[in-house]
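*Asks:* Pasting in a structure now, in structure tokens, and then I'll have a few things to ask.
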Amino acid sequence: MKLKTVTIEGKTFAEIQDGKPVYLHDDGKEAAFDAVTTVATISRLNGEAKTHREAKEAAEAKLKAFEGIDDGEAARKALETVKNLKDGELVTAGKVEEIKAAAKKAAEEQVAQAAKASGEQIKTLETERDKLRDDLYGEKIGGAFSRSKFISDKVAIPADLLQAQFGGRFKVEDGKTVAYDAAGNKIYSRSKPGEIAEFDEALETIIDGYAHRDAILKGAGNSGGGAKPGNGGGNGTKSISRTEFEGLDPSSRASKMKEGFTVTE
């Protein structure tokens, strides 16, 4: 802001309003400047600032005695406890040992409880892990048997019986289905040397090495439709019709397979 002036006979004078010089503010408005009031206000603010500074310095001096105490409430309770102690109630050496023993026991109990809770949590996690693993196995392996084109086209027995017989040869590793032969070796692809055999190729390899493969595959040494359980064909093989085979319970079906029966259409 700047002082408002008037020029009279070539001389410049400050404009006065009620005995106070008039100033023009940046927004163009005029205001009389009260110097006396301003000086009084500055003096008052200086006094207040001095009072605040002295109060601050006094507070800092008092706080210095409490350096290192972070928990004021805990310190206050400790002081009250000490204040309430009488000379004859001071803890003896024997009492100190008793307190130490009690504290140790409480700590050991807390550790034992924590260990128990941790053990239960680990057991729960292991159970969940095993369930997820079983679910994954059921989906990957069971699904592979039920969706297999090889089984559909070339196998004469239901996929669930085939899985019961050979499912243990398959494992899920890194999310992939891996087959193992009777010696425990991984089965590799013949069409893609160096790569793990895919499900159908691996299953065909496993069945090829099975002693009763003719009882499993369609048209392998069959003696003709309508043969009865226990009857032999002209070439000495035993056969059973699919209708009769499917009418048996699972254990009887497995027994027929082991006996070398061939399922005929």
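Naming scheme: A, B, ... for chains in displayed order of the structure tokens; residues 1 onward per chain; ligands 1 onward as shown.
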Quick one: residues within 12 Å of Phe66 of chain A, only C-alpha atoms, excluding same-chain residues fewer than 6 positions away - as a PyMOL selection string?

*Replies:* chain A and resi 59-60+72+75-76

*Asks:* With N, CA, C and O atoms retained, write the just-selected residues as a compact mmCIF listing (two decimals), in the first residue's frame.

*Replies:*
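New file part07.txt:
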```txt
# COMPACT_ATOMS: atom_id res chain seq x y z
N ALA A 59 8.78 -25.00 30.81
CA ALA A 59 8.27 -26.36 30.59
C ALA A 59 9.39 -27.28 30.17
O ALA A 59 9.48 -28.43 30.62
N GLU A 60 10.26 -26.79 29.27
CA GLU A 60 11.37 -27.62 28.81
C GLU A 60 12.31 -27.95 29.96
O GLU A 60 12.85 -29.07 30.03
N GLY A 72 4.33 -42.09 30.39
CA GLY A 72 4.05 -41.28 31.57
C GLY A 72 3.07 -41.95 32.53
O GLY A 72 3.23 -41.87 33.75
N ALA A 75 4.83 -44.59 34.53
CA ALA A 75 5.71 -43.96 35.53
C ALA A 75 4.89 -43.44 36.71
O ALA A 75 5.29 -43.57 37.87
N ARG A 76 3.71 -42.88 36.41
CA ARG A 76 2.85 -42.36 37.48
C ARG A 76 2.38 -43.49 38.40
O ARG A 76 2.38 -43.36 39.64
```

*Asks:* Within 9 Å of Gly184 of chain A, counting only C-alpha atoms, which residues show up once you throw out same-chain ones fewer than 3 positions away? Write them as a PyMOL selection string, please.

*Replies:* chain A and resi 169+180-181

*Asks:* What lies within 8 Å of Ile187 of chain A using only C-alpha atoms, ignoring chain neighbours under 6 positions off, as JSON, numbers by chain?

*Replies:* {"A": [178, 179, 180, 181, 196, 197, 202]}

*Asks:* Please compute the atom CA of Lys218 of chain A-atom CA of Gly167 of chain A distance, one decimal, in Å.

*Replies:* 19.8 Å

*Asks:* Nearest to Leu136 of chain A among A:Thr177, A:Gln165, A:Val111, A:Ala159, with distances taken over only C-alpha atoms: which residue is it?

*Replies:*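 For Leu136 of chain A, the nearest of the given residues is A:Thr177.
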
*Asks:* Pick the closest to Lys171 of chain A from A:Ile141, A:Ala156, A:Ala254, A:Ile8: which is it, counting only C-alpha atoms?

*Replies:* A:Ile141

*Asks:* With a distance cut-off of 12 Å and only C-alpha atoms, select the neighbouring residues of Glu201 of chain A, excluding the residue or stretch itself and same-chain residues fewer than 2 positions from it, and output the selection as a list in words.

*Replies:*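 Residues near the query, excluding close chain neighbours: Ala144, Ser148, Lys149, Phe150, Ile151, Thr177, Val178, Ala179, Tyr180, Ile187, Tyr188, Ser189, Arg190, Ser191, Lys192, Glu195, Ile196, Ala197, Glu198, Phe199, Leu203, Glu204, Thr205, Ile206, Ile207 and Asp208 of chain A.
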
*Asks:* Just to confirm, what's the straight-line distance from atom CA of Pro21 of chain A to atom CA of Met1 of chain A in Å (one decimal)?

*Replies:* 12.3 Å

*Asks:* In Å, rounded to a single decimal, give me how far atom CA of Glu173 of chain A is from atom CA of Asp153 of chain A.

*Replies:* 27.3 Å

*Asks:* Considering only C-alpha atoms, state which residue in the set A:Val22, A:Gly247, A:Pro158, A:Gln17 is at the smallest distance from Thr5 of chain A.

*Replies:* A:Val22

*Asks:* For Gly260 of chain A, work out the shell of residues within 9 Å, counting only C-alpha atoms and skipping chain neighbours fewer than 4 positions away, then give it as a PyMOL selection string.

*Replies:* chain A and resi 211-216+237-239+255-256
